[in-house]
Structure formats: structure tokens, C-alpha cells
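Source file protein-v4.txt; content: compact mmCIF, C-alpha atoms.
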```
# COMPACT_ATOMS: atom_id res chain seq x y z
CA MET A 1 121.06 -28.96 -43.53
CA ASP A 2 123.26 -28.99 -46.62
CA TYR A 3 126.93 -29.19 -45.68
CA ILE A 4 130.13 -28.72 -47.62
CA SER A 5 133.45 -30.29 -46.70
CA CYS A 6 136.28 -28.47 -45.02
CA SER A 7 138.38 -28.69 -48.18
CA GLU A 8 135.57 -27.10 -50.20
CA ALA A 9 135.04 -24.38 -47.60
CA ARG A 10 138.67 -23.30 -47.55
CA ASP A 11 138.47 -22.26 -51.20
CA ARG A 12 135.33 -20.16 -50.74
CA ASP A 13 134.78 -16.55 -49.72
CA GLY A 14 132.15 -15.07 -47.45
CA LEU A 15 130.90 -16.60 -44.23
CA ARG A 16 131.49 -20.28 -43.58
CA LEU A 17 130.16 -21.75 -40.36
CA VAL A 18 131.59 -25.00 -38.99
CA LEU A 19 128.72 -26.90 -37.37
CA SER A 20 128.24 -30.29 -35.75
CA ALA A 21 126.19 -32.27 -38.23
CA GLY A 22 123.22 -34.36 -37.16
CA SER A 23 122.47 -32.93 -33.73
CA PRO A 24 121.41 -29.57 -32.22
CA ASN A 25 124.59 -28.46 -30.48
CA PRO A 26 123.39 -25.39 -28.53
CA TRP A 27 126.44 -23.24 -29.32
CA GLY A 28 125.96 -24.05 -32.98
CA GLU A 29 122.21 -23.43 -32.85
CA ALA A 30 122.86 -20.08 -31.20
CA ALA A 31 125.35 -19.08 -33.89
CA LYS A 32 122.97 -20.11 -36.68
CA SER A 33 120.16 -18.19 -35.01
CA LEU A 34 122.19 -15.00 -34.59
CA PHE A 35 123.11 -15.00 -38.27
CA HIS A 36 119.48 -15.77 -39.18
CA VAL A 37 118.20 -12.81 -37.15
CA ARG A 38 120.78 -10.55 -38.80
CA ASN A 39 119.90 -11.80 -42.32
CA ILE A 40 123.39 -13.17 -42.98
CA ALA A 41 123.82 -16.06 -45.40
CA TYR A 42 126.51 -18.65 -44.71
CA LEU A 43 127.85 -21.96 -45.95
CA ALA A 44 127.59 -24.79 -43.42
CA VAL A 45 130.78 -26.81 -43.02
CA ARG A 46 130.50 -30.35 -41.70
CA HIS A 47 131.97 -31.11 -38.27
CA GLN A 48 131.69 -34.62 -36.86
CA GLY A 49 130.84 -34.71 -33.17
CA MET A 50 133.35 -36.52 -30.91
CA ALA A 51 135.71 -37.13 -33.87
CA THR A 52 139.21 -35.66 -34.11
CA ASN A 53 138.28 -33.40 -37.06
CA ASP A 54 141.92 -33.05 -38.04
CA GLU A 55 141.24 -31.11 -41.25
CA ILE A 56 139.07 -28.60 -39.40
CA PHE A 57 141.74 -28.25 -36.72
CA ALA A 58 144.37 -27.47 -39.36
CA TRP A 59 142.12 -24.75 -40.81
CA THR A 60 140.55 -23.20 -37.71
CA GLY A 61 142.87 -24.11 -34.82
CA THR A 62 140.18 -26.01 -32.90
CA ARG A 63 138.56 -29.42 -33.02
CA ASN A 64 135.26 -28.09 -31.68
CA ALA A 65 132.27 -26.41 -33.30
CA PRO A 66 130.97 -23.87 -34.06
CA VAL A 67 133.62 -21.79 -35.77
CA ALA A 68 132.84 -18.81 -37.98
CA MET A 69 135.26 -18.15 -40.85
CA TYR A 70 134.69 -14.90 -42.74
CA ASN A 71 136.80 -14.30 -45.86
CA ASP A 72 140.44 -14.22 -44.72
CA ASP A 73 139.66 -13.01 -41.19
CA ARG A 74 140.82 -14.89 -38.10
CA PRO A 75 138.66 -17.80 -36.94
CA ARG A 76 135.88 -16.93 -34.50
CA HIS A 77 135.60 -19.76 -31.95
CA SER A 78 133.93 -18.10 -28.98
CA TRP A 79 130.29 -17.22 -28.55
CA ILE A 80 131.09 -13.53 -28.03
CA ASP A 81 133.28 -13.26 -31.14
CA ILE A 82 130.52 -14.90 -33.19
CA LEU A 83 127.98 -12.49 -31.71
CA TYR A 84 130.05 -9.44 -32.61
CA LEU A 85 130.68 -10.78 -36.11
CA ALA A 86 126.93 -11.19 -36.64
CA GLN A 87 126.33 -7.71 -35.27
CA ARG A 88 128.95 -6.22 -37.60
CA LEU A 89 127.99 -8.02 -40.80
CA GLY A 90 124.22 -8.11 -40.61
CA SER A 91 121.33 -5.87 -41.55
CA GLY A 92 118.50 -7.39 -39.53
CA PRO A 93 117.33 -6.45 -36.03
CA SER A 94 120.21 -5.39 -33.80
CA LEU A 95 121.37 -7.99 -31.29
CA LEU A 96 122.84 -5.38 -28.93
CA PRO A 97 121.39 -2.02 -27.85
CA ASP A 98 123.18 1.23 -28.62
CA ASP A 99 123.36 2.22 -24.95
CA ARG A 100 126.73 0.95 -23.69
CA ALA A 101 125.53 0.26 -20.16
CA VAL A 102 122.61 -1.82 -21.43
CA GLN A 103 124.93 -3.53 -23.90
CA VAL A 104 127.14 -4.61 -21.01
CA GLU A 105 124.04 -6.00 -19.29
CA CYS A 106 123.22 -8.04 -22.39
CA ILE A 107 126.75 -9.42 -22.64
CA GLY A 108 126.67 -10.43 -18.98
CA LEU A 109 123.40 -12.31 -19.43
CA SER A 110 124.67 -14.06 -22.56
CA HIS A 111 127.85 -15.05 -20.72
CA ALA A 112 125.69 -16.63 -18.01
CA ILE A 113 124.20 -18.79 -20.77
CA CYS A 114 127.07 -19.46 -23.19
CA GLY A 115 130.28 -18.77 -21.30
CA GLU A 116 132.53 -20.80 -19.05
CA ASP A 117 130.66 -21.86 -15.89
CA GLY A 118 127.40 -20.74 -17.53
CA LEU A 119 124.18 -22.60 -18.29
CA GLY A 120 125.47 -24.57 -21.27
CA TRP A 121 128.84 -25.28 -19.68
CA ASN A 122 127.30 -26.73 -16.51
CA ARG A 123 124.53 -28.59 -18.32
CA ARG A 124 127.20 -30.27 -20.44
CA LEU A 125 129.10 -31.27 -17.27
CA ASP A 126 125.83 -32.53 -15.79
CA LEU A 127 125.28 -34.70 -18.86
CA PHE A 128 128.87 -35.96 -18.62
CA HIS A 129 128.17 -36.82 -14.98
CA ARG A 130 125.05 -38.77 -15.85
CA GLN A 131 126.91 -40.78 -18.49
CA VAL A 132 129.78 -41.51 -16.10
CA GLN A 133 127.35 -42.61 -13.38
CA ALA A 134 125.64 -44.93 -15.87
CA VAL A 135 128.88 -46.89 -16.36
CA GLY A 136 129.74 -47.22 -12.70
CA GLY A 137 131.71 -43.99 -12.31
CA ASN A 138 134.51 -44.76 -14.76
CA PRO A 139 134.83 -42.08 -17.49
CA GLU A 140 136.93 -44.44 -19.62
CA LEU A 141 133.86 -46.64 -20.13
CA THR A 142 131.78 -43.85 -21.68
CA ILE A 143 131.73 -43.00 -25.39
CA LEU A 144 133.09 -39.54 -24.57
CA PRO A 145 136.66 -38.87 -25.76
CA GLU A 146 139.12 -38.13 -22.96
CA ARG A 147 139.88 -34.71 -24.47
CA MET A 148 136.29 -33.60 -23.83
CA PHE A 149 136.75 -34.04 -20.08
CA LYS A 150 139.97 -32.02 -20.31
CA ASP A 151 138.55 -29.30 -22.55
CA PHE A 152 135.55 -28.66 -20.32
CA ASN A 153 137.03 -29.21 -16.85
CA GLY A 154 135.20 -32.50 -16.43
CA THR A 155 136.61 -33.26 -12.99
CA PRO A 156 134.53 -35.39 -10.60
CA GLU A 157 133.99 -32.32 -8.40
CA ALA A 158 132.86 -30.08 -11.25
CA MET A 159 130.52 -32.70 -12.65
CA ALA A 160 128.95 -33.38 -9.25
CA ALA A 161 128.28 -29.66 -8.72
CA ALA A 162 126.96 -28.98 -12.21
CA SER A 163 123.28 -29.78 -11.68
CA ASP A 164 122.95 -27.33 -8.78
CA ARG A 165 124.67 -24.63 -10.84
CA VAL A 166 122.25 -25.18 -13.69
CA VAL A 167 119.33 -24.80 -11.28
CA SER A 168 120.75 -21.55 -9.89
CA ILE A 169 121.15 -20.05 -13.37
CA LEU A 170 117.66 -21.11 -14.46
CA GLU A 171 116.16 -19.57 -11.33
CA MET A 172 118.00 -16.32 -12.04
CA PHE A 173 116.58 -16.15 -15.55
CA GLN A 174 113.07 -17.00 -14.40
CA ASN A 175 113.26 -14.21 -11.82
CA ARG A 176 114.41 -11.80 -14.51
CA LEU A 177 111.58 -12.80 -16.84
CA ASP A 178 109.09 -12.30 -14.00
CA HIS A 179 110.47 -8.79 -13.46
CA GLN A 180 110.26 -8.03 -17.17
CA VAL A 181 106.68 -9.29 -17.43
CA ARG A 182 105.68 -7.01 -14.56
CA ALA A 183 107.30 -4.18 -16.51
CA GLY A 184 105.26 -5.12 -19.57
CA SER A 185 108.02 -6.74 -21.67
CA PRO A 186 108.41 -10.33 -22.92
CA TYR A 187 112.16 -9.82 -23.45
CA LEU A 188 115.11 -10.28 -21.12
CA VAL A 189 116.40 -6.73 -21.63
CA GLY A 190 114.32 -3.68 -22.46
CA ASP A 191 111.38 -3.96 -24.82
CA SER A 192 112.96 -5.58 -27.88
CA LEU A 193 114.94 -8.64 -28.91
CA THR A 194 118.59 -8.81 -27.84
CA ALA A 195 121.29 -11.49 -27.98
CA PRO A 196 120.49 -13.08 -24.58
CA ASP A 197 116.92 -13.79 -25.75
CA VAL A 198 118.34 -15.81 -28.65
CA HIS A 199 120.93 -17.49 -26.45
CA LEU A 200 118.45 -18.52 -23.76
CA ALA A 201 115.95 -19.88 -26.29
CA THR A 202 118.54 -21.99 -28.07
CA PHE A 203 120.32 -23.25 -24.95
CA LEU A 204 117.07 -24.37 -23.32
CA GLY A 205 117.18 -27.07 -25.98
CA MET A 206 119.74 -28.83 -23.76
CA LEU A 207 117.05 -29.12 -21.09
CA SER A 208 113.76 -29.27 -22.96
CA PRO A 209 113.95 -29.64 -26.74
CA LEU A 210 111.17 -28.36 -28.95
CA PRO A 211 108.68 -31.03 -30.09
CA ALA A 212 109.83 -33.57 -32.66
CA GLU A 213 107.93 -31.93 -35.52
CA LEU A 214 109.90 -28.72 -34.90
CA ASN A 215 113.16 -30.31 -33.77
CA PRO A 216 113.62 -33.72 -35.44
CA MET A 217 116.66 -34.64 -33.37
CA PRO A 218 117.97 -38.20 -32.81
CA GLY A 219 115.97 -39.98 -30.12
CA HIS A 220 118.94 -40.85 -27.91
CA ILE A 221 120.01 -37.19 -27.76
CA ARG A 222 116.46 -36.07 -26.96
CA GLN A 223 116.34 -38.57 -24.13
CA LEU A 224 119.64 -37.28 -22.77
CA TYR A 225 118.57 -33.62 -23.00
CA GLU A 226 115.28 -34.39 -21.22
CA SER A 227 117.07 -36.10 -18.33
CA GLY A 228 118.08 -34.60 -15.00
CA GLU A 229 117.57 -34.62 -11.28
CA PRO A 230 114.04 -33.74 -10.05
CA ARG A 231 115.17 -30.32 -8.81
CA LEU A 232 116.70 -29.54 -12.19
CA ARG A 233 113.59 -30.66 -14.06
CA LYS A 234 111.44 -28.46 -11.81
CA ALA A 235 113.68 -25.46 -12.58
CA VAL A 236 112.81 -25.75 -16.28
CA THR A 237 109.69 -23.69 -15.64
CA PRO A 238 106.69 -22.99 -17.86
CA GLY A 239 107.81 -19.36 -17.93
CA LEU A 240 111.22 -20.24 -19.38
CA LEU A 241 109.64 -22.52 -21.98
CA ALA A 242 107.09 -19.87 -22.91
CA HIS A 243 109.95 -17.44 -23.55
CA ARG A 244 111.72 -20.08 -25.67
CA ASP A 245 108.57 -20.70 -27.71
CA PHE A 246 107.95 -16.97 -28.21
CA ILE A 247 111.47 -16.29 -29.47
CA TYR A 248 111.45 -19.27 -31.84
CA ALA A 249 107.98 -18.51 -33.20
CA ARG A 250 108.67 -14.81 -33.83
CA TYR A 251 112.37 -14.68 -34.75
CA LEU A 252 114.06 -18.02 -35.42
CA LYS A 253 113.92 -20.67 -38.12
CA LEU A 254 111.52 -23.61 -37.76
CA PRO A 255 111.61 -26.50 -38.16
CA MET A 256 115.20 -26.77 -36.98
CA ASP A 257 117.68 -28.43 -39.31
CA PHE A 258 121.11 -29.74 -38.55
```

Have the structure of the file written as C-alpha cells, please.
Amino acid sequence: MDYISCSEARDRDGLRLVLSAGSPNPWGEAAKSLFHVRNIAYLAVRHQGMATNDEIFAWTGTRNAPVAMYNDDRPRHSWIDILYLAQRLGSGPSLLPDDRAVQVECIGLSHAICGEDGLGWNRRLDLFHRQVQAVGGNPELTILPERMFKDFNGTPEAMAAASDRVVSILEMFQNRLDHQVRAGSPYLVGDSLTAPDVHLATFLGMLSPLPAELNPMPGHIRQLYESGEPRLRKAVTPGLLAHRDFIYARYLKLPMDF
């Protein structure tokens, strides 16, 4: 992906999307995919993973990515603000249904993927836990900055519980897909693409990345994403991966670039 610097981005109009360069951060991949589905062009702004990103912090108010900056609007840090921005600006297939009750259902499913205590949140804690265990249980010996443990509630208790929470969420989504297939739909909600389809497809990359020819990610990150306890690995079912492959093949950009 072609990136511009933060200083360049600040002087530009339109949509600028701060993204972690060099690796498929699932929140960033989800944001990119939402804008792709909605036919919205953006400028990618380079964020360096695990660095302090002081210039980005001064501009956006956060050291994390992604962040969507549209003209002189406020920064959009959260997954739901980015979703609503894509829905408002775009002209492609709608990410949310018109029916308010069904829209609430979509938002709830996306929160279970992207939000606090959701799939991505707990998978990240699970990966923290694995790295801490690998260095004898001392977080200070990992390459992870201390602020990451603070930002994402990386307590010993939360990390130890994370794998089971990931399994529970994956089982819920597999059950929902089974119900939808029986109803004749390959989608999570109704009979057309919605935001949670995009979110689930992109976040499954934290558990089972697409093949290297479609997702040329660094080998050490692939190895980390493919790790996990046996029960967690079993919960990454063929049905979930088939849904991921269907959404990517029909709606998202391949090969991935970051």
C-alpha cells in the first residue's frame, strides 16, 4: 500500500485513513474493507505499530490505528464511528439495512466482533497471553509496550480468560451461520451483505489468515495468528472460513495490501 506521512495528510482534504503499515491489523482491514464496499477513495497515512506515533497523536488524539479523518471533521477512532462514516459518505452497497430493528441486530453482531470484550479484543489478549507465557510470565520481557497492556486491559486474569471467550464468540457465529444456511442465506443477517459480514471476514484473519498469495503478511505474524489452544483452533470451523472466503471473493479487495 502507498502511504503518505502524517504531515502530508494534515494538509490534504477528503478522507485520510491512518493505518498500521506492514501488517494486517484487523481493525484497519475492516475499515479499509468498509470503505472499499462503499466505493470511497482514501489516502493511507502511515502508522508504525508499537511505536509512540507522537505526530499522529498530536493530530488525531490517539496513538492507535485505524483513525479516519474526513476534511475538518472530528477524528473517528472507533469501529462504529468508522462504520457510520462509510455508510454516510459512500455510494456502494449499504452496510446497514433500512429497518431499524434489523440495523440494531447488525450493530450488536459487529460489536461482538470489533468492540470491547468482543472477538478481536479477546483474541488480542489471548495473543498477549501467549507472548507473556513464552517469556516465563513476565510482561516486561515481551516486545509489547507497557501501554498496550493498559490500553486493552491486559491483566493476568483477562489474558487467561481470553481464549475461552474467543471460543464462545466463534461458536455463536457458527450457530448463526448454520441458522442462516437453513434459511437459504449465506449472510449473517437477512439475504444481503451487511457490516457484520465484513467485520467477521476481516477479523477471522487474526485466527486463520488467507493464504500467502492472497495475504502476503510477515511470517512471524502469520505464525502468531495461526497459534492457539486446541479448543480455540477447533472453533475456527470450516463454516466460518467458508463465510470468510465467500465475502472476500465477492466483495473485498484481493490480494490484500498493507

| At most 10 Å from (124.8, -16.7, -42.6), file frame, only C-alpha atoms: which residues, as a VMD selection string? | chain A and resid 14 to 17 31 to 44 68 86 89 to 90

| task | List the neighbours of Ser208 (chain A) out to 7 Å using all atoms listed in the file; skip same-chain residues closer than 4 positions along the sequence, and give me the result as a ChimeraX atom specification. | result | /A:204,225-226

| said: Just the number, please: distance in Å from CA of Met206 (chain A) to CA of Ala249 (chain A), one decimal. | reply: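 CA of Met206 (chain A) sits 18.3 Å away from CA of Ala249 (chain A).
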
| Distance query region 196-200 of chain A at most 7 Å, only C-alpha atoms, self and fewer than 5 positions along chain excluded, as number ranges by chain | A: 30, 106, 109-110, 113, 187-188, 247

Since we have the selection now, will you write its residues out, keeping C-alpha atoms, as an mmCIF file, in the coordinates of the input?
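Output (out_11.cif):
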```cif
data_model
loop_
_atom_site.group_PDB
_atom_site.id
_atom_site.type_symbol
_atom_site.label_atom_id
_atom_site.label_comp_id
_atom_site.auth_asym_id
_atom_site.auth_seq_id
_atom_site.Cartn_x
_atom_site.Cartn_y
_atom_site.Cartn_z
ATOM 1 C CA ALA A 30 122.860 -20.080 -31.200
ATOM 2 C CA CYS A 106 123.220 -8.040 -22.390
ATOM 3 C CA LEU A 109 123.400 -12.310 -19.430
ATOM 4 C CA SER A 110 124.670 -14.060 -22.560
ATOM 5 C CA ILE A 113 124.200 -18.790 -20.770
ATOM 6 C CA TYR A 187 112.160 -9.820 -23.450
ATOM 7 C CA LEU A 188 115.110 -10.280 -21.120
ATOM 8 C CA ILE A 247 111.470 -16.290 -29.470
#
```

| message | So, with all atoms listed in the file as the atoms that count, which of A:Ser23, A:Ser192, A:Gln87, A:Asn138 lies closest to Pro216 (chain A)? | response |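 Distance minimum relative to Pro216 (chain A) lands on A:Ser23.
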
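Distance-wise, CA of Gly28 (chain A) and CA of Pro66 (chain A) end up 5.1 Å apart.
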
| Which one is closest to Arg10 (chain A): A:Gln103, A:Gln131, A:Thr52, A:Thr60? Count all atoms listed in the file. |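 When distances to Arg10 (chain A) are compared using all atoms listed in the file, the smallest one comes from A:Thr60.
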
| said: With distances taken over only C-alpha atoms, which residue among A:Leu19, A:Ala101, A:Leu224, A:Met148 lies nearest Arg130 (chain A)? | reply: A:Leu224

| task | Name the closest residue to Leu83 (chain A) among the candidates A:Ala65, A:Leu254, A:Ala9, A:Ile107; distances are taken between atoms, counting all atoms listed in the file. | result |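 Using all atoms listed in the file, the shortest distance to Leu83 (chain A) belongs to A:Ile107.
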
| Restricting the calculation to only C-alpha atoms, which member of A:Ile56, A:Leu127, A:Ala112, A:Ala183 is positioned closest to Ser168 (chain A)? |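 Ranked by minimum distance to Ser168 (chain A), first place goes to A:Ala112.
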
Would you mind listing what lies within 12 Å of Ser163 (chain A) as a PDB file with C-alpha atoms, in the frame of the given file, with all atoms listed in the file counted and same-chain residues fewer than 3 positions away left out?
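What ended up in part22.pdb:
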```pdb
ATOM      1  CA  ASP A 117     130.660 -21.860 -15.890  1.00  0.00           C
ATOM      2  CA  GLY A 118     127.400 -20.740 -17.530  1.00  0.00           C
ATOM      3  CA  LEU A 119     124.180 -22.600 -18.290  1.00  0.00           C
ATOM      4  CA  GLY A 120     125.470 -24.570 -21.270  1.00  0.00           C
ATOM      5  CA  TRP A 121     128.840 -25.280 -19.680  1.00  0.00           C
ATOM      6  CA  ASN A 122     127.300 -26.730 -16.510  1.00  0.00           C
ATOM      7  CA  ARG A 123     124.530 -28.590 -18.320  1.00  0.00           C
ATOM      8  CA  ARG A 124     127.200 -30.270 -20.440  1.00  0.00           C
ATOM      9  CA  LEU A 125     129.100 -31.270 -17.270  1.00  0.00           C
ATOM     10  CA  ASP A 126     125.830 -32.530 -15.790  1.00  0.00           C
ATOM     11  CA  LEU A 127     125.280 -34.700 -18.860  1.00  0.00           C
ATOM     12  CA  PHE A 128     128.870 -35.960 -18.620  1.00  0.00           C
ATOM     13  CA  HIS A 129     128.170 -36.820 -14.980  1.00  0.00           C
ATOM     14  CA  ARG A 130     125.050 -38.770 -15.850  1.00  0.00           C
ATOM     15  CA  GLU A 157     133.990 -32.320  -8.400  1.00  0.00           C
ATOM     16  CA  ALA A 158     132.860 -30.080 -11.250  1.00  0.00           C
ATOM     17  CA  MET A 159     130.520 -32.700 -12.650  1.00  0.00           C
ATOM     18  CA  ALA A 160     128.950 -33.380  -9.250  1.00  0.00           C
ATOM     19  CA  VAL A 166     122.250 -25.180 -13.690  1.00  0.00           C
ATOM     20  CA  VAL A 167     119.330 -24.800 -11.280  1.00  0.00           C
ATOM     21  CA  SER A 168     120.750 -21.550  -9.890  1.00  0.00           C
ATOM     22  CA  ILE A 169     121.150 -20.050 -13.370  1.00  0.00           C
ATOM     23  CA  LEU A 170     117.660 -21.110 -14.460  1.00  0.00           C
ATOM     24  CA  LEU A 207     117.050 -29.120 -21.090  1.00  0.00           C
ATOM     25  CA  SER A 227     117.070 -36.100 -18.330  1.00  0.00           C
ATOM     26  CA  GLY A 228     118.080 -34.600 -15.000  1.00  0.00           C
ATOM     27  CA  GLU A 229     117.570 -34.620 -11.280  1.00  0.00           C
ATOM     28  CA  PRO A 230     114.040 -33.740 -10.050  1.00  0.00           C
ATOM     29  CA  ARG A 231     115.170 -30.320  -8.810  1.00  0.00           C
ATOM     30  CA  LEU A 232     116.700 -29.540 -12.190  1.00  0.00           C
ATOM     31  CA  ARG A 233     113.590 -30.660 -14.060  1.00  0.00           C
ATOM     32  CA  LYS A 234     111.440 -28.460 -11.810  1.00  0.00           C
ATOM     33  CA  ALA A 235     113.680 -25.460 -12.580  1.00  0.00           C
TER      34      ALA A 235
END
```

| query | Nearest to Cys6 (chain A) among A:Ile143, A:Ala51, A:Ala58, A:Asp191, with distances taken over all atoms listed in the file: which residue is it? | reply | A:Ala58

| note | Pairwise distance, CA of Phe258 (chain A) with CA of Tyr84 (chain A), equals 23.0 Å

| So which residues touch Pro145 (chain A) within 12 Å, counting all atoms listed in the file, skipping near sequence neighbours fewer than 2 positions away, as a list in words? |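 The filter keeps Gly49, Met50, Ala51, Thr52, Phe128, Pro139, Glu140, Leu141, Thr142, Ile143, Arg147, Met148, Phe149, Lys150, Asp151, Phe152 and Gly154 of chain A.
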
| field | Contacts of Gly205 (chain A) at 10 Å (all atoms listed in the file; same-chain gap of 6+ positions) as a list in words | value | Pro24, Asn25, Pro26, Glu29, Gly120, Asn215, Arg222, Tyr225, Glu226, Leu241 and Arg244 of chain A

For the selection just defined, write its residues with C-alpha atoms to a file, as a short mmCIF file (atom, residue, chain, number, x, y, z; two decimals), in the coordinates of the input.
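Output below, filename part-v9.cif:
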```
data_model
loop_
_atom_site.label_atom_id
_atom_site.label_comp_id
_atom_site.auth_asym_id
_atom_site.auth_seq_id
_atom_site.Cartn_x
_atom_site.Cartn_y
_atom_site.Cartn_z
CA PRO A 24 121.41 -29.57 -32.22
CA ASN A 25 124.59 -28.46 -30.48
CA PRO A 26 123.39 -25.39 -28.53
CA GLU A 29 122.21 -23.43 -32.85
CA GLY A 120 125.47 -24.57 -21.27
CA ASN A 215 113.16 -30.31 -33.77
CA ARG A 222 116.46 -36.07 -26.96
CA TYR A 225 118.57 -33.62 -23.00
CA GLU A 226 115.28 -34.39 -21.22
CA LEU A 241 109.64 -22.52 -21.98
CA ARG A 244 111.72 -20.08 -25.67
#
```

Mind filling out region 169-178 of chain A with all heavy atoms and sending it as a compact mmCIF listing (two decimals), in the coordinates of the input?
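New file selection_10.txt:
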```
# COMPACT_ATOMS: atom_id res chain seq x y z
N ILE A 169 121.21 -20.93 -12.20
CA ILE A 169 121.15 -20.05 -13.37
C ILE A 169 119.73 -19.99 -13.91
O ILE A 169 119.23 -18.91 -14.26
CB ILE A 169 122.13 -20.54 -14.45
CG1 ILE A 169 123.57 -20.43 -13.94
CG2 ILE A 169 121.96 -19.73 -15.74
CD1 ILE A 169 124.59 -21.15 -14.81
N LEU A 170 119.05 -21.11 -13.98
CA LEU A 170 117.66 -21.11 -14.46
C LEU A 170 116.77 -20.27 -13.56
O LEU A 170 115.91 -19.52 -14.04
CB LEU A 170 117.13 -22.54 -14.53
CG LEU A 170 117.75 -23.44 -15.60
CD1 LEU A 170 117.23 -24.87 -15.46
CD2 LEU A 170 117.45 -22.92 -17.00
N GLU A 171 116.96 -20.37 -12.26
CA GLU A 171 116.16 -19.57 -11.33
C GLU A 171 116.43 -18.08 -11.54
O GLU A 171 115.49 -17.27 -11.46
CB GLU A 171 116.48 -19.98 -9.89
CG GLU A 171 115.95 -21.37 -9.54
CD GLU A 171 116.34 -21.83 -8.15
OE1 GLU A 171 117.27 -21.23 -7.56
OE2 GLU A 171 115.75 -22.81 -7.67
N MET A 172 117.68 -17.72 -11.79
CA MET A 172 118.00 -16.32 -12.04
C MET A 172 117.26 -15.80 -13.26
O MET A 172 116.69 -14.70 -13.26
CB MET A 172 119.52 -16.16 -12.19
CG MET A 172 119.98 -14.73 -12.43
SD MET A 172 120.05 -14.26 -14.19
CE MET A 172 121.47 -15.20 -14.74
N PHE A 173 117.25 -16.60 -14.33
CA PHE A 173 116.58 -16.15 -15.55
C PHE A 173 115.06 -16.12 -15.38
O PHE A 173 114.40 -15.22 -15.92
CB PHE A 173 116.99 -17.01 -16.74
CG PHE A 173 118.28 -16.56 -17.36
CD1 PHE A 173 119.46 -17.24 -17.11
CD2 PHE A 173 118.32 -15.45 -18.18
CE1 PHE A 173 120.65 -16.81 -17.67
CE2 PHE A 173 119.51 -15.01 -18.74
CZ PHE A 173 120.68 -15.69 -18.48
N GLN A 174 114.51 -17.06 -14.65
CA GLN A 174 113.07 -17.00 -14.40
C GLN A 174 112.71 -15.75 -13.60
O GLN A 174 111.71 -15.07 -13.90
CB GLN A 174 112.60 -18.25 -13.66
CG GLN A 174 111.09 -18.27 -13.38
CD GLN A 174 110.27 -18.19 -14.65
OE1 GLN A 174 110.27 -19.11 -15.45
NE2 GLN A 174 109.56 -17.07 -14.85
N ASN A 175 113.50 -15.43 -12.60
CA ASN A 175 113.26 -14.21 -11.82
C ASN A 175 113.33 -12.97 -12.70
O ASN A 175 112.54 -12.02 -12.55
CB ASN A 175 114.26 -14.10 -10.67
CG ASN A 175 114.01 -15.12 -9.59
OD1 ASN A 175 112.90 -15.65 -9.45
ND2 ASN A 175 115.04 -15.43 -8.80
N ARG A 176 114.29 -12.96 -13.62
CA ARG A 176 114.41 -11.80 -14.51
C ARG A 176 113.21 -11.70 -15.44
O ARG A 176 112.68 -10.60 -15.67
CB ARG A 176 115.71 -11.90 -15.32
CG ARG A 176 115.93 -10.66 -16.16
CD ARG A 176 117.26 -10.63 -16.85
NE ARG A 176 117.43 -9.34 -17.51
CZ ARG A 176 118.01 -8.29 -16.96
NH1 ARG A 176 118.51 -8.36 -15.73
NH2 ARG A 176 118.10 -7.15 -17.62
N LEU A 177 112.76 -12.82 -15.98
CA LEU A 177 111.58 -12.80 -16.84
C LEU A 177 110.35 -12.32 -16.07
O LEU A 177 109.53 -11.57 -16.60
CB LEU A 177 111.33 -14.19 -17.43
CG LEU A 177 112.27 -14.61 -18.57
CD1 LEU A 177 112.02 -16.07 -18.94
CD2 LEU A 177 112.08 -13.71 -19.80
N ASP A 178 110.21 -12.77 -14.83
CA ASP A 178 109.09 -12.30 -14.00
C ASP A 178 109.12 -10.78 -13.85
O ASP A 178 108.09 -10.11 -13.95
CB ASP A 178 109.15 -12.96 -12.62
CG ASP A 178 108.83 -14.44 -12.65
OD1 ASP A 178 108.24 -14.91 -13.64
OD2 ASP A 178 109.17 -15.13 -11.67
```
